[in-house]
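Undergrad: Input file: start_11.cif. Contents: mmCIF, C-alpha atoms.
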data_query
loop_
_atom_site.label_atom_id
_atom_site.label_comp_id
_atom_site.auth_asym_id
_atom_site.auth_seq_id
_atom_site.Cartn_x
_atom_site.Cartn_y
_atom_site.Cartn_z
CA MET A 16 15.34 14.17 -10.73
CA ASN A 17 12.00 13.40 -12.35
CA ILE A 18 8.57 13.45 -10.81
CA SER A 19 5.26 12.39 -12.33
CA ALA A 20 1.74 11.69 -11.08
CA ARG A 21 -0.71 8.87 -11.84
CA ARG A 22 -4.00 7.75 -10.33
CA ILE A 23 -5.01 4.36 -8.97
CA ASP A 24 -8.54 4.38 -7.55
CA GLN A 25 -8.63 7.14 -4.95
CA ALA A 26 -4.87 7.34 -4.61
CA THR A 27 -2.52 9.67 -6.44
CA ILE A 28 0.89 8.11 -6.90
CA LEU A 29 3.84 10.46 -7.21
CA ASP A 30 6.72 8.62 -8.86
CA VAL A 31 10.01 10.28 -8.00
CA SER A 32 13.35 9.22 -9.45
CA GLY A 33 16.95 10.35 -9.10
CA ASN A 34 18.47 12.33 -6.25
CA ILE A 35 16.54 14.79 -4.12
CA ASP A 36 18.73 17.58 -2.78
CA MET A 37 18.74 21.35 -2.40
CA SER A 38 18.89 21.79 -6.18
CA ASN A 39 15.50 20.20 -6.82
CA SER A 40 13.61 19.63 -3.55
CA PRO A 41 11.35 22.66 -4.26
CA GLU A 42 9.95 20.63 -7.17
CA VAL A 43 9.00 17.81 -4.81
CA ARG A 44 7.38 20.29 -2.43
CA LYS A 45 5.47 21.90 -5.29
CA ALA A 46 4.19 18.57 -6.63
CA LEU A 47 3.08 17.41 -3.18
CA LEU A 48 1.27 20.63 -2.32
CA GLN A 49 -0.36 20.75 -5.75
CA GLU A 50 -1.88 17.30 -5.27
CA ILE A 51 -2.89 17.89 -1.66
CA ARG A 52 -4.06 21.50 -1.68
CA SER A 53 -5.00 22.31 -5.27
CA LYS A 54 -6.30 18.95 -6.50
CA ARG A 55 -7.62 17.88 -3.10
CA ALA A 56 -6.31 14.34 -3.51
CA PRO A 57 -7.60 12.25 -0.57
CA ARG A 58 -4.52 10.03 -0.57
CA VAL A 59 -1.07 10.82 -1.92
CA VAL A 60 1.41 7.97 -2.21
CA VAL A 61 5.03 8.91 -2.81
CA ASN A 62 7.03 6.28 -4.66
CA LEU A 63 10.67 6.64 -3.60
CA SER A 64 11.85 3.30 -4.97
CA SER A 65 13.90 5.03 -7.70
CA VAL A 66 15.33 7.69 -5.41
CA ASP A 67 19.00 7.07 -4.70
CA TYR A 68 19.59 9.94 -2.30
CA ILE A 69 17.50 12.37 -0.30
CA ASP A 70 18.91 15.19 1.82
CA SER A 71 17.44 17.34 4.59
CA SER A 72 15.76 19.69 2.11
CA GLY A 73 14.01 16.71 0.53
CA VAL A 74 12.94 15.53 3.97
CA ALA A 75 11.66 19.06 4.68
CA SER A 76 9.53 18.86 1.52
CA LEU A 77 8.02 15.59 2.73
CA ILE A 78 7.29 17.15 6.13
CA GLU A 79 5.54 20.05 4.42
CA GLY A 80 3.48 17.58 2.43
CA LEU A 81 2.61 15.69 5.59
CA LYS A 82 1.52 18.84 7.39
CA ALA A 83 -0.57 19.93 4.41
CA SER A 84 -2.21 16.51 4.22
CA ARG A 85 -3.13 16.62 7.91
CA GLU A 86 -4.58 20.11 7.52
CA SER A 87 -6.75 19.05 4.60
CA GLY A 88 -7.76 15.67 5.98
CA ALA A 89 -5.79 13.73 3.37
CA ARG A 90 -3.22 10.96 3.84
CA LEU A 91 0.39 11.00 2.77
CA VAL A 92 2.07 7.62 2.42
CA LEU A 93 5.63 6.71 1.40
CA PHE A 94 7.00 3.50 -0.04
CA GLY A 95 10.16 2.08 -1.59
CA LEU A 96 12.70 3.84 0.64
CA ASN A 97 16.25 2.60 0.22
CA GLU A 98 18.74 2.36 3.11
CA SER A 99 19.99 5.89 2.57
CA ALA A 100 16.49 7.38 2.80
CA ARG A 101 15.64 5.30 5.87
CA GLU A 102 18.88 6.37 7.56
CA VAL A 103 18.26 10.07 7.02
CA LEU A 104 14.73 9.76 8.41
CA LYS A 105 16.06 7.75 11.35
CA ILE A 106 18.70 10.36 12.22
CA SER A 107 16.00 13.04 11.99
CA ARG A 108 13.74 10.89 14.20
CA LEU A 109 11.04 10.97 11.55
CA LEU A 110 10.71 7.28 10.71
CA LYS A 111 7.66 6.90 12.94
CA LEU A 112 6.11 10.15 11.81
CA PHE A 113 5.50 8.95 8.27
CA GLU A 114 3.40 6.03 7.07
CA ILE A 115 6.03 3.93 5.30
CA TYR A 116 5.45 0.74 3.31
CA ASP A 117 7.76 -1.56 1.43
CA ASN A 118 5.94 -1.57 -1.89
CA GLU A 119 3.15 0.03 -3.90
CA ALA A 120 0.59 -2.72 -3.30
CA GLN A 121 0.94 -2.35 0.47
CA ALA A 122 0.86 1.43 0.27
CA ILE A 123 -2.34 1.47 -1.79
CA ALA A 124 -4.02 -1.21 0.31
CA SER A 125 -3.23 0.59 3.57
CA MET B 26 64.30 11.72 -22.44
CA ALA B 27 64.49 10.10 -19.06
CA THR B 28 66.13 13.22 -17.66
CA LYS B 29 63.34 15.42 -18.98
CA GLN B 30 60.72 13.19 -17.45
CA GLY B 31 62.60 13.20 -14.19
CA SER B 32 62.86 16.98 -14.04
CA ALA B 33 59.20 17.39 -14.96
CA HIS B 34 58.27 15.02 -12.19
CA LYS B 35 60.25 17.04 -9.67
CA LYS B 36 58.15 20.10 -10.41
CA LEU B 37 55.10 18.46 -8.89
CA PRO B 38 54.66 19.35 -5.26
CA LYS B 39 55.22 16.49 -2.88
CA LEU B 40 51.95 15.42 -1.45
CA ASN B 41 51.32 14.55 2.14
CA ARG B 42 50.80 10.78 2.24
CA ALA B 43 47.49 11.27 3.97
CA PHE B 44 46.22 13.45 1.13
CA GLN B 45 43.57 11.78 -0.98
CA LEU B 46 41.55 14.39 -2.81
CA LYS B 47 41.18 18.12 -3.38
CA LEU B 48 38.09 19.46 -5.06
CA GLU B 49 36.83 22.98 -5.66
CA VAL B 50 33.25 23.59 -6.71
CA ARG B 51 30.98 26.56 -7.23
CA SER B 52 28.40 27.26 -4.56
CA HIS B 53 25.60 26.27 -6.92
CA PRO B 54 23.34 23.45 -5.66
CA THR B 55 23.82 21.50 -8.88
CA PHE B 56 27.38 20.82 -7.72
CA LEU B 57 26.18 18.84 -4.72
CA CYS B 58 25.89 15.75 -6.88
CA VAL B 59 29.46 16.33 -8.10
CA VAL B 60 30.72 16.25 -4.51
CA ARG B 61 28.73 13.12 -3.72
CA GLY B 62 29.88 11.50 -6.93
CA ALA B 63 33.54 12.17 -6.11
CA LEU B 64 33.33 10.93 -2.54
CA GLU B 65 31.47 7.66 -3.05
CA PRO B 66 34.14 5.72 -4.99
CA LEU B 67 36.93 7.27 -2.90
CA MET B 68 35.38 6.17 0.39
CA GLU B 69 34.75 2.74 -1.05
CA SER B 70 38.39 2.47 -2.11
CA LEU B 71 39.46 3.57 1.37
CA GLY B 72 37.68 0.59 2.84
CA PHE B 73 34.58 2.10 4.40
CA SER B 74 31.49 -0.08 4.61
CA GLY B 75 28.38 0.83 2.65
CA GLU B 76 26.72 2.27 5.75
CA GLU B 77 29.80 4.32 6.65
CA ASN B 78 30.13 5.50 3.07
CA ARG B 79 26.53 6.70 3.05
CA ALA B 80 27.07 8.48 6.39
CA ILE B 81 30.14 10.33 5.08
CA ILE B 82 28.38 11.38 1.90
CA ARG B 83 25.33 12.50 3.89
CA GLY B 84 27.43 14.51 6.35
CA VAL B 85 29.51 16.22 3.69
CA ASP B 86 26.52 16.88 1.44
CA GLU B 87 24.63 18.56 4.29
CA ALA B 88 27.71 20.58 5.26
CA VAL B 89 28.24 21.80 1.69
CA SER B 90 24.51 22.61 1.45
CA ASN B 91 24.80 24.67 4.64
CA ILE B 92 27.75 26.60 3.21
CA MET B 93 25.76 27.35 0.05
CA ARG B 94 22.65 28.38 1.93
CA HIS B 95 24.01 30.13 5.01
CA SER B 96 27.62 31.19 4.44
CA TYR B 97 27.07 32.32 0.85
CA LYS B 98 23.35 33.12 1.31
CA SER B 99 22.47 31.07 -1.80
CA CYS B 100 24.74 33.17 -4.05
CA PRO B 101 25.85 30.53 -6.59
CA ASP B 102 29.16 31.99 -7.78
CA ASN B 103 31.45 31.49 -4.80
CA ALA B 104 34.05 28.82 -4.23
CA ILE B 105 33.91 25.87 -1.86
CA GLU B 106 37.03 23.77 -1.41
CA LEU B 107 37.02 20.21 -0.16
CA ARG B 108 40.16 18.40 0.97
CA CYS B 109 40.19 14.82 1.99
CA ASN B 110 42.95 13.22 4.07
CA ARG B 111 43.36 9.71 5.38
CA LEU B 112 43.71 9.32 9.15
CA ASP B 113 45.38 6.59 11.16
CA ARG B 114 45.24 6.21 14.91
CA ARG B 115 45.52 3.61 17.64
CA SER B 116 42.61 3.16 19.99
CA ASN B 117 42.76 0.56 22.80
CA GLY B 118 45.76 -1.03 21.11
CA ARG B 119 43.98 -1.42 17.79
CA ALA B 120 44.75 0.39 14.60
CA GLU B 121 41.88 2.49 13.37
CA TYR B 122 41.53 4.16 10.03
CA GLY B 123 39.46 7.09 9.06
CA VAL B 124 39.03 10.07 6.87
CA GLU B 125 39.26 13.78 7.51
CA ILE B 126 37.30 16.11 5.25
CA LEU B 127 38.06 19.81 5.37
CA LEU B 128 35.61 22.26 3.83
CA TYR B 129 36.70 25.84 3.19
CA ASP B 130 34.58 28.80 2.20
CA CYS B 131 35.11 32.56 1.98
CA GLY B 132 31.88 33.59 3.66
CA PRO B 133 31.66 35.78 6.76
CA ALA B 134 32.80 34.32 10.06
CA VAL B 135 30.24 32.03 11.66
CA ASP B 136 28.95 32.95 15.10
CA THR B 137 29.15 29.51 16.66
CA THR B 138 27.02 30.59 19.63
CA LYS B 139 24.11 30.92 17.22
CA ILE B 140 24.52 27.47 15.67
CA GLU B 141 22.15 25.20 17.49
CA PRO B 142 20.14 22.41 15.92
CA ARG B 143 16.43 22.73 16.46
CA PRO B 144 14.67 20.32 18.81
CA LEU B 145 13.75 17.17 16.92
CA ASP B 146 10.40 16.86 18.67
CA GLU B 147 9.23 19.89 16.70
CA ILE B 148 7.62 18.63 13.52
CA ARG B 149 8.43 21.28 10.99
CA PRO B 150 10.47 21.51 7.82
CA GLY B 151 14.00 22.89 7.94
CA GLY B 152 16.76 22.92 10.51
CA LEU B 153 17.66 19.25 10.15
CA GLY B 154 21.02 19.68 8.44
CA LEU B 155 23.11 20.08 11.57
CA HIS B 156 21.46 17.05 13.18
CA ILE B 157 22.27 15.01 10.12
CA ILE B 158 25.89 16.19 10.01
CA ARG B 159 26.45 15.42 13.69
CA GLY B 160 24.60 12.13 13.46
CA SER B 161 26.65 11.00 10.48
CA MET B 162 30.20 12.01 11.43
CA ASP B 163 32.41 11.26 14.47
CA THR B 164 33.83 14.77 14.71
CA VAL B 165 32.44 18.10 13.54
CA GLU B 166 34.65 21.13 14.21
CA TYR B 167 34.38 24.69 12.99
CA LYS B 168 37.32 27.08 12.88
CA ARG B 169 37.92 30.51 11.41
CA ALA B 170 41.19 30.24 9.50
CA GLY B 171 42.28 33.74 8.44
CA LYS B 172 39.58 34.93 6.06
CA LEU B 173 38.20 31.46 5.54
CA ASN B 174 35.68 29.30 7.34
CA ARG B 175 36.98 25.79 7.90
CA LEU B 176 34.71 22.91 8.78
CA ARG B 177 36.47 19.69 9.76
CA LEU B 178 34.56 16.45 9.52
CA VAL B 179 36.04 13.13 10.65
CA LYS B 180 34.76 9.60 10.30
CA TYR B 181 36.52 6.43 11.46
CA ALA B 182 35.89 3.02 9.96
CA ARG B 183 34.50 0.42 12.34
CA GLY B 184 36.02 -3.00 11.87
CA SER B 185 37.49 -2.28 8.47
CA LYS B 186 40.33 -4.60 7.57
CA GLY B 187 41.73 -3.10 4.46
CA GLY B 188 41.58 -0.82 1.54
CA PHE B 189 43.55 1.94 3.18
CA GLY B 190 47.03 0.96 2.19
CA CYS B 191 48.12 2.31 -1.17
CA PRO B 192 50.52 -0.02 -3.02
CA GLU B 193 53.45 2.39 -2.84
CA GLU B 194 52.98 2.73 0.88
CA THR B 195 52.66 -0.93 1.76
CA SER B 196 55.69 -1.88 -0.35
CA GLU B 197 58.05 0.15 1.80
#
Kindly present the structure from the file in structure tokens form.

TA:
Amino acid sequence: MNISARRIDQATILDVSGNIDMSNSPEVRKALLQEIRSKRAPRVVVNLSSVDYIDSSGVASLIEGLKASRESGARLVLFGLNESAREVLKISRLLKLFEIYDNEAQAIAS
Amino acid sequence: MATKQGSAHKKLPKLNRAFQLKLEVRSHPTFLCVVRGALEPLMESLGFSGEENRAIIRGVDEAVSNIMRHSYKSCPDNAIELRCNRLDRRSNGRAEYGVEILLYDCGPAVDTTKIEPRPLDEIRPGGLGLHIIRGSMDTVEYKRAGKLNRLRLVKYARGSKGGFGCPEETSE
């Protein structure tokens, strides 16, 4: 898995690629919390379009990011989820909890 | 030469026809992708749809993660065995095909009375694995087998028409 950050206007885009599972989900959590808590990013957009698989530990990292964003008055937005990612969020009844968009343009414009 | 080949062949144990795969991995999280990578083409060859294939991989991946985290308490040097068998049954007069995945580990016995998924209306990280396993598979059964924990996961294909018959089986 790889994760990198870039800025577009007020938004920080986290580009994640590969599989997110128990072996690397702490890296996702760390990157999210760093942007939200340490760098005080007002909007964090997570690009999951190159993520093939995400397990419950990856979902837990996203939930932690969401909670941290709410605590600090920031927004956490997701886009580019494949069927596998949507299914795991659906089973966990979390699809409506997150702001989810189809592509980057929609996520940034939201 | 033919005799030697024949005798060598006889040394191999006869496999149950339902048997598809046996895999043993270390309890290190980096092996999760090995398990997923082994299952995906096998389930595809067995005739599962893309959605069913993803559900099986998700269920098994979460179950193996739970073994690593809870049964082995994140100690990465223990063994996890996965066996995969094909299932056939008749339901309402129709033939149904499925897969049985057995996961074995050597961890302490699981107190099943303490295994309860957390309420999903609580928004907090963690505790989702069991929901995902149950939501992805048709059957989830735990059993203590001697000194081993055995988790049995079953998934049946819905409306699958083929892919389950191996050539040597259908020719008979």

Undergrad: Would you give me, as a ChimeraX atom specification, the residues of chain A that come within 10 Å of chain B, using all atoms listed in the file?

TA: /A:34-39,68-82,98-99,102-109,112

Undergrad: Generate a file of the selected residues that holds C-alpha atoms, formatted as a JSON list (two decimals), in the coordinates of the input.

TA:
[["chain", "number", "residue", "atom", "x", "y", "z"],
["A", 34, "ASN", "CA", 18.47, 12.33, -6.25],
["A", 35, "ILE", "CA", 16.54, 14.79, -4.12],
["A", 36, "ASP", "CA", 18.73, 17.58, -2.78],
["A", 37, "MET", "CA", 18.74, 21.35, -2.40],
["A", 38, "SER", "CA", 18.89, 21.79, -6.18],
["A", 39, "ASN", "CA", 15.50, 20.20, -6.82],
["A", 68, "TYR", "CA", 19.59, 9.94, -2.30],
["A", 69, "ILE", "CA", 17.50, 12.37, -0.30],
["A", 70, "ASP", "CA", 18.91, 15.19, 1.82],
["A", 71, "SER", "CA", 17.44, 17.34, 4.59],
["A", 72, "SER", "CA", 15.76, 19.69, 2.11],
["A", 73, "GLY", "CA", 14.01, 16.71, 0.53],
["A", 74, "VAL", "CA", 12.94, 15.53, 3.97],
["A", 75, "ALA", "CA", 11.66, 19.06, 4.68],
["A", 76, "SER", "CA", 9.53, 18.86, 1.52],
["A", 77, "LEU", "CA", 8.02, 15.59, 2.73],
["A", 78, "ILE", "CA", 7.29, 17.15, 6.13],
["A", 79, "GLU", "CA", 5.54, 20.05, 4.42],
["A", 80, "GLY", "CA", 3.48, 17.58, 2.43],
["A", 81, "LEU", "CA", 2.61, 15.69, 5.59],
["A", 82, "LYS", "CA", 1.52, 18.84, 7.39],
["A", 98, "GLU", "CA", 18.74, 2.36, 3.11],
["A", 99, "SER", "CA", 19.99, 5.89, 2.57],
["A", 102, "GLU", "CA", 18.88, 6.37, 7.56],
["A", 103, "VAL", "CA", 18.26, 10.07, 7.02],
["A", 104, "LEU", "CA", 14.73, 9.76, 8.41],
["A", 105, "LYS", "CA", 16.06, 7.75, 11.35],
["A", 106, "ILE", "CA", 18.70, 10.36, 12.22],
["A", 107, "SER", "CA", 16.00, 13.04, 11.99],
["A", 108, "ARG", "CA", 13.74, 10.89, 14.20],
["A", 109, "LEU", "CA", 11.04, 10.97, 11.55],
["A", 112, "LEU", "CA", 6.11, 10.15, 11.81]]

Undergrad: To one decimal in Å, tell me the separation between CA of Tyr167 in chain B and CA of Pro144 in chain B.

TA: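 Going from CA of Tyr167 in chain B over to CA of Pro144 in chain B, I get 21.0 Å.
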
Undergrad: Do you know which residues are at most 12 Å from Gln25 in chain A counting all atoms listed in the file, after dropping those on the same chain fewer than 4 positions away, and could you put them as a list in words?

TA: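 Residues meeting the cut-off are Arg21, Arg55, Ala56, Pro57, Arg58, Val59, Val60, Ala89, Arg90, Ile123 and Ala124 of chain A.
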
Undergrad: Expanded to explicit residues, what is the PyMOL selection byres ((chain A and resi 64) around 12) for this file, as a list in words?

TA: Leu29, Asp30, Val31, Ser32, Gly33, Asn34, Val60, Val61, Asn62, Leu63, Ser65, Val66, Asp67, Tyr68, Ile69, Leu93, Phe94, Gly95, Leu96, Asn97, Glu98, Ser99, Ala100, Arg101, Ile115, Tyr116, Asp117, Asn118 and Glu119 of chain A

Undergrad: Write to file, as an mmCIF file, keeping the file's coordinate frame, the residues of the selection just made, with C-alpha atoms.

TA:
data_model
loop_
_atom_site.group_PDB
_atom_site.id
_atom_site.type_symbol
_atom_site.label_atom_id
_atom_site.label_comp_id
_atom_site.auth_asym_id
_atom_site.auth_seq_id
_atom_site.Cartn_x
_atom_site.Cartn_y
_atom_site.Cartn_z
ATOM 1 C CA LEU A 29 3.840 10.460 -7.210
ATOM 2 C CA ASP A 30 6.720 8.620 -8.860
ATOM 3 C CA VAL A 31 10.010 10.280 -8.000
ATOM 4 C CA SER A 32 13.350 9.220 -9.450
ATOM 5 C CA GLY A 33 16.950 10.350 -9.100
ATOM 6 C CA ASN A 34 18.470 12.330 -6.250
ATOM 7 C CA VAL A 60 1.410 7.970 -2.210
ATOM 8 C CA VAL A 61 5.030 8.910 -2.810
ATOM 9 C CA ASN A 62 7.030 6.280 -4.660
ATOM 10 C CA LEU A 63 10.670 6.640 -3.600
ATOM 11 C CA SER A 65 13.900 5.030 -7.700
ATOM 12 C CA VAL A 66 15.330 7.690 -5.410
ATOM 13 C CA ASP A 67 19.000 7.070 -4.700
ATOM 14 C CA TYR A 68 19.590 9.940 -2.300
ATOM 15 C CA ILE A 69 17.500 12.370 -0.300
ATOM 16 C CA LEU A 93 5.630 6.710 1.400
ATOM 17 C CA PHE A 94 7.000 3.500 -0.040
ATOM 18 C CA GLY A 95 10.160 2.080 -1.590
ATOM 19 C CA LEU A 96 12.700 3.840 0.640
ATOM 20 C CA ASN A 97 16.250 2.600 0.220
ATOM 21 C CA GLU A 98 18.740 2.360 3.110
ATOM 22 C CA SER A 99 19.990 5.890 2.570
ATOM 23 C CA ALA A 100 16.490 7.380 2.800
ATOM 24 C CA ARG A 101 15.640 5.300 5.870
ATOM 25 C CA ILE A 115 6.030 3.930 5.300
ATOM 26 C CA TYR A 116 5.450 0.740 3.310
ATOM 27 C CA ASP A 117 7.760 -1.560 1.430
ATOM 28 C CA ASN A 118 5.940 -1.570 -1.890
ATOM 29 C CA GLU A 119 3.150 0.030 -3.900
#

Undergrad: Please expand the PyMOL selection byres ((chain B and resi 74) around 12) into the concrete residues it hits in this file, giving the result as a PDB file with C-alpha atoms, in the frame of the given file.

TA:
ATOM      1  CA  GLU B  65      31.470   7.660  -3.050  1.00  0.00           C
ATOM      2  CA  PRO B  66      34.140   5.720  -4.990  1.00  0.00           C
ATOM      3  CA  LEU B  67      36.930   7.270  -2.900  1.00  0.00           C
ATOM      4  CA  MET B  68      35.380   6.170   0.390  1.00  0.00           C
ATOM      5  CA  GLU B  69      34.750   2.740  -1.050  1.00  0.00           C
ATOM      6  CA  SER B  70      38.390   2.470  -2.110  1.00  0.00           C
ATOM      7  CA  LEU B  71      39.460   3.570   1.370  1.00  0.00           C
ATOM      8  CA  GLY B  72      37.680   0.590   2.840  1.00  0.00           C
ATOM      9  CA  PHE B  73      34.580   2.100   4.400  1.00  0.00           C
ATOM     10  CA  GLY B  75      28.380   0.830   2.650  1.00  0.00           C
ATOM     11  CA  GLU B  76      26.720   2.270   5.750  1.00  0.00           C
ATOM     12  CA  GLU B  77      29.800   4.320   6.650  1.00  0.00           C
ATOM     13  CA  ASN B  78      30.130   5.500   3.070  1.00  0.00           C
ATOM     14  CA  ARG B  79      26.530   6.700   3.050  1.00  0.00           C
ATOM     15  CA  ALA B  80      27.070   8.480   6.390  1.00  0.00           C
ATOM     16  CA  ILE B  81      30.140  10.330   5.080  1.00  0.00           C
ATOM     17  CA  GLY B 123      39.460   7.090   9.060  1.00  0.00           C
ATOM     18  CA  LYS B 180      34.760   9.600  10.300  1.00  0.00           C
ATOM     19  CA  TYR B 181      36.520   6.430  11.460  1.00  0.00           C
ATOM     20  CA  ALA B 182      35.890   3.020   9.960  1.00  0.00           C
ATOM     21  CA  ARG B 183      34.500   0.420  12.340  1.00  0.00           C
ATOM     22  CA  GLY B 184      36.020  -3.000  11.870  1.00  0.00           C
ATOM     23  CA  SER B 185      37.490  -2.280   8.470  1.00  0.00           C
ATOM     24  CA  LYS B 186      40.330  -4.600   7.570  1.00  0.00           C
ATOM     25  CA  GLY B 187      41.730  -3.100   4.460  1.00  0.00           C
ATOM     26  CA  GLY B 188      41.580  -0.820   1.540  1.00  0.00           C
TER      27      GLY B 188
END

Undergrad: Please put the answer as AutoDock Vina command-line options: centre and edge lengths, in Å with one decimal, of a box along x, y and z that encloses all listed atoms of range 31-48 of chain A plus 8 Å on each side.

TA:
--center_x 10.1 --center_y 15.9 --center_z -5.9 --size_x 33.6 --size_y 29.4 --size_z 23.1

Undergrad: In Å, rounded to a single decimal, give me how far CA of Ile51 in chain A is from CA of Gly88 in chain A.

TA: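 The value is 9.3 Å.
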
Undergrad: Have a look at CA of Ser52 in chain B and CA of Arg169 in chain B and let me know their distance in Å, one decimal.

TA: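 CA of Ser52 in chain B sits 18.9 Å away from CA of Arg169 in chain B.
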
Undergrad: Between B:Cys100, B:Ala170, B:Leu46, B:Ile140, which has the minimum distance to Ile126 in chain B (counting only C-alpha atoms)?

TA: B:Leu46

Undergrad: If we count all atoms listed in the file, what is near Asp113 in chain B at a cut-off of 10 Å, once residues fewer than 4 positions away on the same chain are taken out, given as an NGL selection string?

TA: :B and (43 or 120-124 or 181 or 189)

Undergrad: Would you please work out which residue, of A:Ala122, A:Ala26, A:Val43, A:Ala20, is nearest to Val92 in chain A when using all atoms listed in the file?

TA: A:Ala122

Undergrad: Using only C-alpha atoms, which residues sit within 10 Å of Val60 in chain B once same-chain residues fewer than 6 positions away are excluded, as JSON, numbers by chain?

TA: {"B": [48, 49, 50, 82, 85, 86, 89, 107]}
